[in-house]
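File shown: final_26.pdb (PDB, C-alpha atoms and all ligand atoms).
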MODEL        1
ATOM      1  CA  ALA A   1     -79.266 -50.770  43.129  1.00  0.00           C
ATOM      2  CA  ASN A   2     -79.241 -48.407  46.094  1.00  0.00           C
ATOM      3  CA  VAL A   3     -78.086 -44.838  45.519  1.00  0.00           C
ATOM      4  CA  CYS A   4     -75.606 -42.916  47.652  1.00  0.00           C
ATOM      5  CA  VAL A   5     -74.970 -39.211  47.091  1.00  0.00           C
ATOM      6  CA  ILE A   6     -71.439 -38.153  48.080  1.00  0.00           C
ATOM      7  CA  ILE A   7     -71.136 -34.399  48.621  1.00  0.00           C
ATOM      8  CA  PRO A   8     -67.553 -33.086  48.679  1.00  0.00           C
ATOM      9  CA  ALA A   9     -67.781 -29.944  50.812  1.00  0.00           C
ATOM     10  CA  ALA A  10     -64.255 -29.815  52.167  1.00  0.00           C
ATOM     11  CA  GLY A  11     -62.925 -26.969  50.022  1.00  0.00           C
ATOM     12  CA  SER A  12     -61.827 -23.716  51.590  1.00  0.00           C
ATOM     13  CA  GLY A  13     -63.780 -21.553  49.174  1.00  0.00           C
ATOM     14  CA  THR A  14     -61.076 -18.886  49.148  1.00  0.00           C
ATOM     15  CA  ARG A  15     -62.339 -17.484  45.822  1.00  0.00           C
ATOM     16  CA  LEU A  16     -65.635 -16.668  47.505  1.00  0.00           C
ATOM     17  CA  GLY A  17     -63.938 -14.328  49.988  1.00  0.00           C
ATOM     18  CA  GLU A  18     -66.235 -15.275  52.901  1.00  0.00           C
ATOM     19  CA  PRO A  19     -64.915 -15.839  56.460  1.00  0.00           C
ATOM     20  CA  VAL A  20     -66.122 -19.473  56.589  1.00  0.00           C
ATOM     21  CA  PRO A  21     -65.565 -22.349  54.123  1.00  0.00           C
ATOM     22  CA  LYS A  22     -67.999 -22.198  51.213  1.00  0.00           C
ATOM     23  CA  ALA A  23     -70.365 -24.981  52.266  1.00  0.00           C
ATOM     24  CA  PHE A  24     -70.976 -23.190  55.581  1.00  0.00           C
ATOM     25  CA  VAL A  25     -71.770 -19.790  54.081  1.00  0.00           C
ATOM     26  CA  ASP A  26     -75.288 -18.516  54.764  1.00  0.00           C
ATOM     27  CA  LEU A  27     -77.772 -18.580  51.910  1.00  0.00           C
ATOM     28  CA  CYS A  28     -80.827 -16.645  53.092  1.00  0.00           C
ATOM     29  CA  GLY A  29     -81.059 -18.209  56.555  1.00  0.00           C
ATOM     30  CA  ARG A  30     -79.604 -21.675  55.907  1.00  0.00           C
ATOM     31  CA  THR A  31     -76.106 -22.829  55.024  1.00  0.00           C
ATOM     32  CA  ILE A  32     -75.218 -23.833  51.476  1.00  0.00           C
ATOM     33  CA  ILE A  33     -74.633 -27.439  52.592  1.00  0.00           C
ATOM     34  CA  GLU A  34     -78.042 -27.684  54.303  1.00  0.00           C
ATOM     35  CA  ARG A  35     -79.778 -26.430  51.167  1.00  0.00           C
ATOM     36  CA  CYS A  36     -77.715 -28.781  49.031  1.00  0.00           C
ATOM     37  CA  VAL A  37     -78.700 -31.850  51.080  1.00  0.00           C
ATOM     38  CA  ASP A  38     -82.375 -30.749  51.223  1.00  0.00           C
ATOM     39  CA  ASN A  39     -82.447 -30.465  47.448  1.00  0.00           C
ATOM     40  CA  ILE A  40     -81.724 -34.154  46.852  1.00  0.00           C
ATOM     41  CA  PRO A  41     -85.068 -35.620  45.732  1.00  0.00           C
ATOM     42  CA  ALA A  42     -86.510 -38.022  48.318  1.00  0.00           C
ATOM     43  CA  SER A  43     -87.734 -40.242  45.476  1.00  0.00           C
ATOM     44  CA  LEU A  44     -84.157 -41.496  44.996  1.00  0.00           C
ATOM     45  CA  GLY A  45     -84.227 -43.092  48.454  1.00  0.00           C
ATOM     46  CA  ALA A  46     -80.537 -42.198  48.574  1.00  0.00           C
ATOM     47  CA  SER A  47     -78.177 -42.282  51.517  1.00  0.00           C
ATOM     48  CA  VAL A  48     -76.039 -39.148  51.807  1.00  0.00           C
ATOM     49  CA  VAL A  49     -72.363 -38.750  52.724  1.00  0.00           C
ATOM     50  CA  VAL A  50     -71.076 -35.213  53.282  1.00  0.00           C
ATOM     51  CA  VAL A  51     -67.316 -34.616  53.290  1.00  0.00           C
ATOM     52  CA  VAL A  52     -66.188 -31.506  55.215  1.00  0.00           C
ATOM     53  CA  PRO A  53     -62.972 -29.938  56.544  1.00  0.00           C
ATOM     54  CA  VAL A  54     -61.757 -31.894  59.585  1.00  0.00           C
ATOM     55  CA  ASP A  55     -62.386 -29.012  62.003  1.00  0.00           C
ATOM     56  CA  LEU A  56     -66.015 -28.694  60.864  1.00  0.00           C
ATOM     57  CA  VAL A  57     -67.069 -32.336  61.244  1.00  0.00           C
ATOM     58  CA  ASP A  58     -68.881 -31.675  64.560  1.00  0.00           C
ATOM     59  CA  ARG A  59     -70.607 -28.574  63.218  1.00  0.00           C
ATOM     60  CA  ALA A  60     -71.762 -30.481  60.115  1.00  0.00           C
ATOM     61  CA  ARG A  61     -73.125 -33.342  62.265  1.00  0.00           C
ATOM     62  CA  THR A  62     -75.170 -30.793  64.223  1.00  0.00           C
ATOM     63  CA  LEU A  63     -76.514 -29.144  61.061  1.00  0.00           C
ATOM     64  CA  LEU A  64     -77.166 -32.440  59.273  1.00  0.00           C
ATOM     65  CA  PRO A  65     -78.257 -35.080  61.801  1.00  0.00           C
ATOM     66  CA  ASP A  66     -79.573 -37.463  59.114  1.00  0.00           C
ATOM     67  CA  VAL A  67     -76.464 -37.808  56.966  1.00  0.00           C
ATOM     68  CA  ILE A  68     -73.068 -39.458  57.340  1.00  0.00           C
ATOM     69  CA  VAL A  69     -70.358 -36.804  57.860  1.00  0.00           C
ATOM     70  CA  VAL A  70     -66.666 -37.576  57.265  1.00  0.00           C
ATOM     71  CA  ALA A  71     -63.494 -35.466  57.071  1.00  0.00           C
ATOM     72  CA  GLY A  72     -62.039 -34.578  53.662  1.00  0.00           C
ATOM     73  CA  GLY A  73     -58.508 -34.109  52.376  1.00  0.00           C
ATOM     74  CA  ALA A  74     -56.212 -31.608  50.693  1.00  0.00           C
ATOM     75  CA  HIS A  75     -57.523 -32.168  47.155  1.00  0.00           C
ATOM     76  CA  ARG A  76     -61.055 -32.621  45.921  1.00  0.00           C
ATOM     77  CA  SER A  77     -60.270 -36.184  44.850  1.00  0.00           C
ATOM     78  CA  ASP A  78     -58.996 -37.009  48.380  1.00  0.00           C
ATOM     79  CA  SER A  79     -62.327 -35.803  49.722  1.00  0.00           C
ATOM     80  CA  VAL A  80     -64.273 -37.873  47.193  1.00  0.00           C
ATOM     81  CA  ARG A  81     -62.236 -40.944  48.114  1.00  0.00           C
ATOM     82  CA  ALA A  82     -63.105 -40.405  51.788  1.00  0.00           C
ATOM     83  CA  GLY A  83     -66.746 -40.233  50.704  1.00  0.00           C
ATOM     84  CA  ILE A  84     -66.525 -43.466  48.679  1.00  0.00           C
ATOM     85  CA  SER A  85     -65.135 -45.262  51.753  1.00  0.00           C
ATOM     86  CA  ALA A  86     -68.170 -44.145  53.759  1.00  0.00           C
ATOM     87  CA  ALA A  87     -70.742 -44.964  51.054  1.00  0.00           C
ATOM     88  CA  GLY A  88     -71.462 -48.522  52.202  1.00  0.00           C
ATOM     89  CA  ASP A  89     -72.632 -50.965  49.556  1.00  0.00           C
ATOM     90  CA  ALA A  90     -74.670 -48.606  47.346  1.00  0.00           C
ATOM     91  CA  GLY A  91     -74.498 -49.758  43.708  1.00  0.00           C
ATOM     92  CA  ILE A  92     -74.935 -46.281  42.214  1.00  0.00           C
ATOM     93  CA  LEU A  93     -72.809 -43.417  43.506  1.00  0.00           C
ATOM     94  CA  LEU A  94     -73.471 -39.763  42.720  1.00  0.00           C
ATOM     95  CA  VAL A  95     -70.794 -37.164  43.405  1.00  0.00           C
ATOM     96  CA  HIS A  96     -72.372 -33.750  43.854  1.00  0.00           C
ATOM     97  CA  ASP A  97     -70.602 -30.448  44.605  1.00  0.00           C
ATOM     98  CA  ALA A  98     -71.826 -28.745  47.757  1.00  0.00           C
ATOM     99  CA  ALA A  99     -71.339 -25.580  45.744  1.00  0.00           C
ATOM    100  CA  ARG A 100     -74.414 -26.378  43.554  1.00  0.00           C
ATOM    101  CA  PRO A 101     -77.210 -26.160  46.146  1.00  0.00           C
ATOM    102  CA  LEU A 102     -80.043 -25.272  43.727  1.00  0.00           C
ATOM    103  CA  THR A 103     -79.664 -28.263  41.394  1.00  0.00           C
ATOM    104  CA  PRO A 104     -83.201 -29.315  40.288  1.00  0.00           C
ATOM    105  CA  ALA A 105     -84.575 -32.788  41.067  1.00  0.00           C
ATOM    106  CA  ARG A 106     -84.860 -33.544  37.362  1.00  0.00           C
ATOM    107  CA  VAL A 107     -81.073 -33.474  36.952  1.00  0.00           C
ATOM    108  CA  PHE A 108     -80.624 -36.043  39.755  1.00  0.00           C
ATOM    109  CA  THR A 109     -83.258 -38.376  38.358  1.00  0.00           C
ATOM    110  CA  ASP A 110     -81.960 -38.113  34.764  1.00  0.00           C
ATOM    111  CA  VAL A 111     -78.449 -39.005  35.934  1.00  0.00           C
ATOM    112  CA  VAL A 112     -79.635 -41.986  38.016  1.00  0.00           C
ATOM    113  CA  ASP A 113     -81.938 -43.227  35.226  1.00  0.00           C
ATOM    114  CA  ALA A 114     -79.074 -43.118  32.722  1.00  0.00           C
ATOM    115  CA  VAL A 115     -76.740 -45.064  35.045  1.00  0.00           C
ATOM    116  CA  ARG A 116     -79.524 -47.611  35.684  1.00  0.00           C
ATOM    117  CA  SER A 117     -80.026 -48.021  31.937  1.00  0.00           C
ATOM    118  CA  GLY A 118     -76.434 -49.228  31.576  1.00  0.00           C
ATOM    119  CA  HIS A 119     -74.139 -46.200  31.320  1.00  0.00           C
ATOM    120  CA  PRO A 120     -71.285 -46.509  33.844  1.00  0.00           C
ATOM    121  CA  ALA A 121     -70.575 -42.764  34.033  1.00  0.00           C
ATOM    122  CA  VAL A 122     -73.125 -39.982  33.432  1.00  0.00           C
ATOM    123  CA  VAL A 123     -72.735 -36.228  33.852  1.00  0.00           C
ATOM    124  CA  PRO A 124     -75.123 -33.284  33.355  1.00  0.00           C
ATOM    125  CA  ALA A 125     -73.932 -30.748  30.806  1.00  0.00           C
ATOM    126  CA  ILE A 126     -75.025 -27.507  29.180  1.00  0.00           C
ATOM    127  CA  PRO A 127     -73.944 -25.855  25.917  1.00  0.00           C
ATOM    128  CA  VAL A 128     -71.226 -23.207  26.078  1.00  0.00           C
ATOM    129  CA  VAL A 129     -72.560 -19.750  25.179  1.00  0.00           C
ATOM    130  CA  ASP A 130     -69.364 -17.700  25.068  1.00  0.00           C
ATOM    131  CA  THR A 131     -66.827 -17.887  22.255  1.00  0.00           C
ATOM    132  CA  LEU A 132     -63.742 -19.650  23.596  1.00  0.00           C
ATOM    133  CA  LYS A 133     -60.116 -18.834  22.779  1.00  0.00           C
ATOM    134  CA  GLN A 134     -57.011 -20.865  23.455  1.00  0.00           C
ATOM    135  CA  VAL A 135     -54.203 -18.624  24.695  1.00  0.00           C
ATOM    136  CA  VAL A 136     -50.531 -18.575  25.639  1.00  0.00           C
ATOM    137  CA  ALA A 137     -48.941 -16.492  28.351  1.00  0.00           C
ATOM    138  CA  VAL A 138     -46.612 -13.752  27.169  1.00  0.00           C
ATOM    139  CA  PRO A 139     -44.130 -12.994  29.969  1.00  0.00           C
ATOM    140  CA  GLY A 140     -44.478  -9.350  30.927  1.00  0.00           C
ATOM    141  CA  GLY A 141     -47.179  -8.769  28.308  1.00  0.00           C
ATOM    142  CA  LEU A 142     -50.812  -9.476  27.415  1.00  0.00           C
ATOM    143  CA  GLU A 143     -51.934 -13.057  26.854  1.00  0.00           C
ATOM    144  CA  ARG A 144     -51.982 -13.933  23.155  1.00  0.00           C
ATOM    145  CA  VAL A 145     -54.685 -15.945  21.359  1.00  0.00           C
ATOM    146  CA  THR A 146     -53.466 -19.030  19.512  1.00  0.00           C
ATOM    147  CA  ARG A 147     -56.833 -20.163  18.158  1.00  0.00           C
ATOM    148  CA  THR A 148     -60.599 -20.042  18.523  1.00  0.00           C
ATOM    149  CA  VAL A 149     -62.088 -23.298  19.761  1.00  0.00           C
ATOM    150  CA  ASP A 150     -65.260 -24.677  18.107  1.00  0.00           C
ATOM    151  CA  ARG A 151     -67.752 -24.244  20.940  1.00  0.00           C
ATOM    152  CA  ASP A 152     -70.353 -26.488  19.282  1.00  0.00           C
ATOM    153  CA  GLU A 153     -68.119 -29.409  20.231  1.00  0.00           C
ATOM    154  CA  LEU A 154     -67.836 -28.296  23.874  1.00  0.00           C
ATOM    155  CA  ARG A 155     -70.061 -28.630  26.943  1.00  0.00           C
ATOM    156  CA  ALA A 156     -69.838 -27.187  30.444  1.00  0.00           C
ATOM    157  CA  VAL A 157     -70.369 -30.024  32.902  1.00  0.00           C
ATOM    158  CA  GLN A 158     -72.123 -29.870  36.237  1.00  0.00           C
ATOM    159  CA  THR A 159     -72.938 -32.271  39.053  1.00  0.00           C
ATOM    160  CA  PRO A 160     -74.350 -34.653  40.283  1.00  0.00           C
ATOM    161  CA  GLN A 161     -72.063 -36.968  38.318  1.00  0.00           C
ATOM    162  CA  GLY A 162     -73.318 -40.552  38.476  1.00  0.00           C
ATOM    163  CA  PHE A 163     -71.336 -43.785  38.389  1.00  0.00           C
ATOM    164  CA  THR A 164     -71.688 -47.445  38.982  1.00  0.00           C
ATOM    165  CA  ARG A 165     -69.824 -48.285  42.145  1.00  0.00           C
ATOM    166  CA  GLU A 166     -67.223 -50.158  40.120  1.00  0.00           C
ATOM    167  CA  ALA A 167     -66.638 -47.265  37.680  1.00  0.00           C
ATOM    168  CA  LEU A 168     -66.121 -44.701  40.459  1.00  0.00           C
ATOM    169  CA  ARG A 169     -63.857 -47.088  42.358  1.00  0.00           C
ATOM    170  CA  ARG A 170     -61.717 -47.620  39.240  1.00  0.00           C
ATOM    171  CA  ALA A 171     -61.658 -43.893  38.472  1.00  0.00           C
ATOM    172  CA  HIS A 172     -60.233 -43.189  41.928  1.00  0.00           C
ATOM    173  CA  GLU A 173     -57.852 -46.164  42.086  1.00  0.00           C
ATOM    174  CA  ASP A 174     -54.857 -44.086  41.060  1.00  0.00           C
ATOM    175  CA  ALA A 175     -54.295 -42.012  44.187  1.00  0.00           C
ATOM    176  CA  SER A 176     -52.322 -39.446  42.204  1.00  0.00           C
ATOM    177  CA  GLY A 177     -55.455 -38.667  40.223  1.00  0.00           C
ATOM    178  CA  LEU A 178     -55.980 -34.941  40.242  1.00  0.00           C
ATOM    179  CA  ALA A 179     -58.913 -33.682  38.216  1.00  0.00           C
ATOM    180  CA  THR A 180     -61.509 -30.958  38.543  1.00  0.00           C
ATOM    181  CA  ASP A 181     -64.276 -33.544  38.243  1.00  0.00           C
ATOM    182  CA  ASP A 182     -64.756 -37.269  38.744  1.00  0.00           C
ATOM    183  CA  ALA A 183     -65.739 -37.955  35.149  1.00  0.00           C
ATOM    184  CA  GLY A 184     -62.273 -36.669  34.181  1.00  0.00           C
ATOM    185  CA  LEU A 185     -60.700 -39.466  36.218  1.00  0.00           C
ATOM    186  CA  ALA A 186     -63.086 -42.019  34.678  1.00  0.00           C
ATOM    187  CA  GLU A 187     -62.181 -40.862  31.138  1.00  0.00           C
ATOM    188  CA  ARG A 188     -58.502 -41.378  31.930  1.00  0.00           C
ATOM    189  CA  CYS A 189     -59.045 -45.036  32.682  1.00  0.00           C
ATOM    190  CA  GLY A 190     -61.043 -45.607  29.511  1.00  0.00           C
ATOM    191  CA  ILE A 191     -64.565 -45.504  30.955  1.00  0.00           C
ATOM    192  CA  ASP A 192     -67.133 -44.016  28.538  1.00  0.00           C
ATOM    193  CA  VAL A 193     -68.773 -40.886  29.949  1.00  0.00           C
ATOM    194  CA  HIS A 194     -72.269 -39.949  28.702  1.00  0.00           C
ATOM    195  CA  LEU A 195     -74.203 -36.697  29.082  1.00  0.00           C
ATOM    196  CA  VAL A 196     -77.720 -35.778  30.180  1.00  0.00           C
ATOM    197  CA  PRO A 197     -79.053 -32.201  29.994  1.00  0.00           C
ATOM    198  CA  GLY A 198     -77.863 -29.967  32.820  1.00  0.00           C
ATOM    199  CA  ASP A 199     -79.712 -26.912  34.123  1.00  0.00           C
ATOM    200  CA  PRO A 200     -78.793 -23.267  34.785  1.00  0.00           C
ATOM    201  CA  LEU A 201     -79.946 -23.756  38.404  1.00  0.00           C
ATOM    202  CA  ALA A 202     -77.175 -26.332  38.853  1.00  0.00           C
ATOM    203  CA  MET A 203     -74.683 -23.446  38.595  1.00  0.00           C
ATOM    204  CA  LYS A 204     -71.652 -23.601  40.867  1.00  0.00           C
ATOM    205  CA  ILE A 205     -71.076 -20.937  43.507  1.00  0.00           C
ATOM    206  CA  THR A 206     -67.420 -19.978  43.162  1.00  0.00           C
ATOM    207  CA  THR A 207     -67.146 -16.183  43.210  1.00  0.00           C
ATOM    208  CA  PRO A 208     -68.894 -13.393  45.176  1.00  0.00           C
ATOM    209  CA  TRP A 209     -70.870 -12.686  41.990  1.00  0.00           C
ATOM    210  CA  ASP A 210     -72.198 -16.271  41.913  1.00  0.00           C
ATOM    211  CA  LEU A 211     -73.259 -15.941  45.560  1.00  0.00           C
ATOM    212  CA  ARG A 212     -75.110 -12.740  44.745  1.00  0.00           C
ATOM    213  CA  ILE A 213     -76.990 -14.408  41.892  1.00  0.00           C
ATOM    214  CA  VAL A 214     -77.928 -17.443  43.981  1.00  0.00           C
ATOM    215  CA  ARG A 215     -79.081 -15.242  46.901  1.00  0.00           C
ATOM    216  CA  ASP A 216     -81.301 -13.345  44.448  1.00  0.00           C
ATOM    217  CA  VAL A 217     -82.752 -16.607  43.109  1.00  0.00           C
ATOM    218  CA  VAL A 218     -83.496 -17.949  46.607  1.00  0.00           C
ATOM    219  CA  GLY A 219     -84.893 -14.545  47.571  1.00  0.00           C
ATOM    220  CA  ARG A 220     -84.325 -13.035  50.934  1.00  0.00           C
TER     221      ARG A 220
HETATM  222  O1  LIG A 301     -62.727 -25.928  44.205  1.00  0.00           O
HETATM  223  P1  LIG A 301     -64.031 -26.269  43.570  1.00  0.00           P
HETATM  224  O2  LIG A 301     -65.037 -25.168  43.672  1.00  0.00           O
HETATM  225  O3  LIG A 301     -63.917 -26.851  42.200  1.00  0.00           O
HETATM  226  O4  LIG A 301     -64.598 -27.455  44.486  1.00  0.00           O
HETATM  227  C1  LIG A 301     -65.731 -28.215  44.090  1.00  0.00           C
HETATM  228  C2  LIG A 301     -66.273 -28.953  45.282  1.00  0.00           C
HETATM  229  O5  LIG A 301     -65.277 -29.818  45.848  1.00  0.00           O
HETATM  230  C3  LIG A 301     -66.724 -28.004  46.399  1.00  0.00           C
HETATM  231  O6  LIG A 301     -68.000 -28.430  46.867  1.00  0.00           O
HETATM  232  C4  LIG A 301     -65.620 -28.163  47.444  1.00  0.00           C
HETATM  233  O7  LIG A 301     -66.070 -27.985  48.777  1.00  0.00           O
HETATM  234  C5  LIG A 301     -65.153 -29.599  47.231  1.00  0.00           C
HETATM  235  N1  LIG A 301     -63.752 -29.824  47.696  1.00  0.00           N
HETATM  236  C6  LIG A 301     -63.495 -30.801  48.670  1.00  0.00           C
HETATM  237  N2  LIG A 301     -62.203 -31.018  49.128  1.00  0.00           N
HETATM  238  C7  LIG A 301     -61.184 -30.274  48.653  1.00  0.00           C
HETATM  239  C8  LIG A 301     -61.418 -29.290  47.655  1.00  0.00           C
HETATM  240  C9  LIG A 301     -62.725 -29.090  47.188  1.00  0.00           C
HETATM  241  O8  LIG A 301     -64.428 -31.474  49.128  1.00  0.00           O
HETATM  242  N3  LIG A 301     -59.958 -30.492  49.139  1.00  0.00           N
ENDMDL
END
As structure tokens:
Amino acid sequence: ANVCVIIPAAGSGTRLGEPVPKAFVDLCGRTIIERCVDNIPASLGASVVVVVPVDLVDRARTLLPDVIVVAGGAHRSDSVRAGISAAGDAGILLVHDAARPLTPARVFTDVVDAVRSGHPAVVPAIPVVDTLKQVVAVPGGLERVTRTVDRDELRAVQTPQGFTREALRRAHEDASGLATDDAGLAERCGIDVHLVPGDPLAMKITTPWDLRIVRDVVGR
């Protein structure tokens, strides 16, 4: 089956505190979205769909002449749905955050291999290193801990998240579906989600601190 990588890059990136939306922030001479697209291994032979804010469609087409660029929506899932509509007839769809521009090739190929071997939904994941607490808000006071969660049972998930075309279509059928990742929507409609090993380099750029780390890794 052909592979299409859908890159939702239509977020505002307000938590990053930069004057332009996150995908268009400079990372040592090239934008985050350019680096993200360049990092997709050529061996996949994948087509690429990039989903950007409506007012940046022209700019994205100039930066990325070899990919399909479409406008996104208010929520991440709206943007992914716009990407699915532009993905043609590819049988394997990967959804990959623009905000993870250093994701190693190995993560892409592991995800695609696992989908090809019969898993309808596959996500990269890494163990959680911090101890995690569940909390409740205390109006006017400090948050209070209700319990400590067993971190051995938890994973932090990354992207690219891989799906058969049918699984991703079903996951996004319910237009009210709000989730922070696509696998979350798949789980809700009863699709089994499997994991492959993630990688620290697949980290997501969300805060100014993340940007600082990634700029150090790329080296300026
Ligand atoms: O907000 P968050 O960092 O979780 O967003 C993850 C990815 O989804 C980012 O690459 C962002 O650009 C994208 N996104 C989108 N459309 C939105 C919101 C987020 O494409 N409306």
Do you have, as a Markdown table, the list of residues of chain A lying at most 9 Å from ligand LIG 301 (chain A), each with its nearest atom pair and that distance in Å to one decimal, counting all atoms listed in the file and ordered by chain then number?
| residue | atom | partner | partner_atom | distance |
| --- | --- | --- | --- | --- |
| A:Ile7 | CA | A:LIG301 | O6 | 7.0 |
| A:Pro8 | CA | A:LIG301 | O8 | 3.5 |
| A:Ala9 | CA | A:LIG301 | O7 | 3.3 |
| A:Ala10 | CA | A:LIG301 | O8 | 3.5 |
| A:Gly11 | CA | A:LIG301 | O7 | 3.5 |
| A:Ser12 | CA | A:LIG301 | O7 | 6.6 |
| A:Gly13 | CA | A:LIG301 | O2 | 6.7 |
| A:Thr14 | CA | A:LIG301 | O1 | 8.8 |
| A:Arg15 | CA | A:LIG301 | O2 | 8.4 |
| A:Pro21 | CA | A:LIG301 | O7 | 7.8 |
| A:Lys22 | CA | A:LIG301 | O7 | 6.6 |
| A:Ala23 | CA | A:LIG301 | O7 | 6.3 |
| A:Ile33 | CA | A:LIG301 | O6 | 8.8 |
| A:Val50 | CA | A:LIG301 | O8 | 8.7 |
| A:Val51 | CA | A:LIG301 | O8 | 6.0 |
| A:Val52 | CA | A:LIG301 | O8 | 6.3 |
| A:Pro53 | CA | A:LIG301 | N2 | 7.5 |
| A:Ala71 | CA | A:LIG301 | O8 | 8.9 |
| A:Gly72 | CA | A:LIG301 | N2 | 5.8 |
| A:Gly73 | CA | A:LIG301 | N3 | 5.1 |
| A:Ala74 | CA | A:LIG301 | N3 | 4.2 |
| A:His75 | CA | A:LIG301 | N3 | 3.6 |
| A:Arg76 | CA | A:LIG301 | C7 | 3.6 |
| A:Ser77 | CA | A:LIG301 | N2 | 7.0 |
| A:Asp78 | CA | A:LIG301 | N3 | 6.6 |
| A:Ser79 | CA | A:LIG301 | N2 | 4.8 |
| A:Val80 | CA | A:LIG301 | O8 | 6.7 |
| A:His96 | CA | A:LIG301 | O6 | 7.5 |
| A:Asp97 | CA | A:LIG301 | O6 | 4.0 |
| A:Ala98 | CA | A:LIG301 | O6 | 3.9 |
| A:Ala99 | CA | A:LIG301 | O6 | 4.5 |
| A:Arg100 | CA | A:LIG301 | O6 | 7.5 |
| A:Thr180 | CA | A:LIG301 | O3 | 6.0 |
| A:Asp181 | CA | A:LIG301 | O3 | 7.8 |
| A:Lys204 | CA | A:LIG301 | O2 | 7.4 |
| A:Ile205 | CA | A:LIG301 | O2 | 7.4 |
| A:Thr206 | CA | A:LIG301 | O2 | 5.7 |
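From CA of Glu166 (chain A) back to CA of Ala1 (chain A), the distance works out to 12.4 Å.
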- Message: Need the shell around Gly162 (chain A): protein/DNA/RNA residues with any atom at most 7 Å away, counting only C-alpha atoms. Skip same-chain ones fewer than 4 positions apart. Format as a PyMOL selection string?
- Response: chain A and resi 93-95+111-112+115+121-123
- Item | the PyMOL selection byres (((chain A and resi 154) around 10) and not hetatm) applied to the shown file, residues as JSON, numbers by chain | {"A": [125, 126, 127, 128, 129, 132, 149, 150, 151, 152, 153, 155, 156, 157]}
- Task: Mind giving me the straight-line distance from CA of Ala105 (chain A) to CA of Met203 (chain A) in Å, one decimal?
- Result: 13.8 Å
- Shortest contact to Leu64 (chain A), candidates A:Arg165, A:Arg116, A:Arg81, A:Arg35, atoms counted only C-alpha atoms, goes to A:Arg35
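The shortest atom-to-atom distance to Asp26 (chain A), with all atoms listed in the file taken into account, belongs to A:Val218 out of A:Val70, A:Ala82, A:Leu195, A:Val218.
Using all atoms listed in the file, the smallest distance between any of A:Pro160, A:Asp210, A:Pro41, A:Glu34 and Arg59 (chain A) comes from A:Glu34.
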